[in-house]
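Novice: Below are the structure tokens for one structure; questions will follow.
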Amino acid sequence: MKAIVDTVIIHRPQAGKFVKANWKEVATIVGVAGADGKKVNNYRKNEKVAKQDQGKIYFRKTRYADCGTQILVRLHKKGTDIFQYKLGVEQFIK
């Protein structure tokens with residue numbers, strides 16, 4: 001898809017004329033390319049999950065992914081809890 005966009009950017013006047021002359025075919029091709037791109041992305045995601053299930057991905061790489069999705073979220077929650085406790089203590093002291 002990126003190659004098509006780059007070609008259109010480089011050859012803008014000729015590409016514009018071509019699209020204007022063959023707009024139905026171009027619309028069909030763009031729709032098919034979008035669907036194929038979605039299939040490729042889904043395949044890559046499924047392949048990554050399958051590799052993780054089989055243990056083929058390095059430990060550090062999986063740990064790094066877990067850090068972003070789980071560990072940092074828990075730390076942020078704990079930080080806000082500590083802040084709330086601190087405010088409660090300060091209000092009790094006053």
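Chain labels follow the order of the structure tokens: the first chain is A, the next B, and so on; residue numbering restarts at 1 in every chain, and ligands are counted from 1 in their shown order.
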Can you list, as number ranges by chain, every protein, DNA or RNA residue that comes within 12 Å of segment 25-32 of chain A when you count only C-alpha atoms, leaving out same-chain residues fewer than 6 positions away?
Specialist: A: 1-2, 4-5, 15-19, 38-39
Novice: Please produce an output containing C-alpha atoms for each residue in the selection, written as a compact mmCIF listing (two decimals), in the first residue's frame.
Specialist:
# COMPACT_ATOMS: atom_id res chain seq x y z
CA MET A 1 0.00 0.00 0.00
CA LYS A 2 2.85 2.37 0.87
CA ILE A 4 1.26 2.72 -4.27
CA VAL A 5 1.00 5.95 -2.27
CA ALA A 15 -1.52 9.40 -11.58
CA GLY A 16 -4.33 11.96 -11.35
CA LYS A 17 -5.17 11.51 -15.02
CA PHE A 18 -5.07 7.73 -14.67
CA VAL A 19 -7.35 7.73 -11.62
CA LYS A 38 -5.95 -6.16 7.25
CA LYS A 39 -5.41 -9.88 6.64
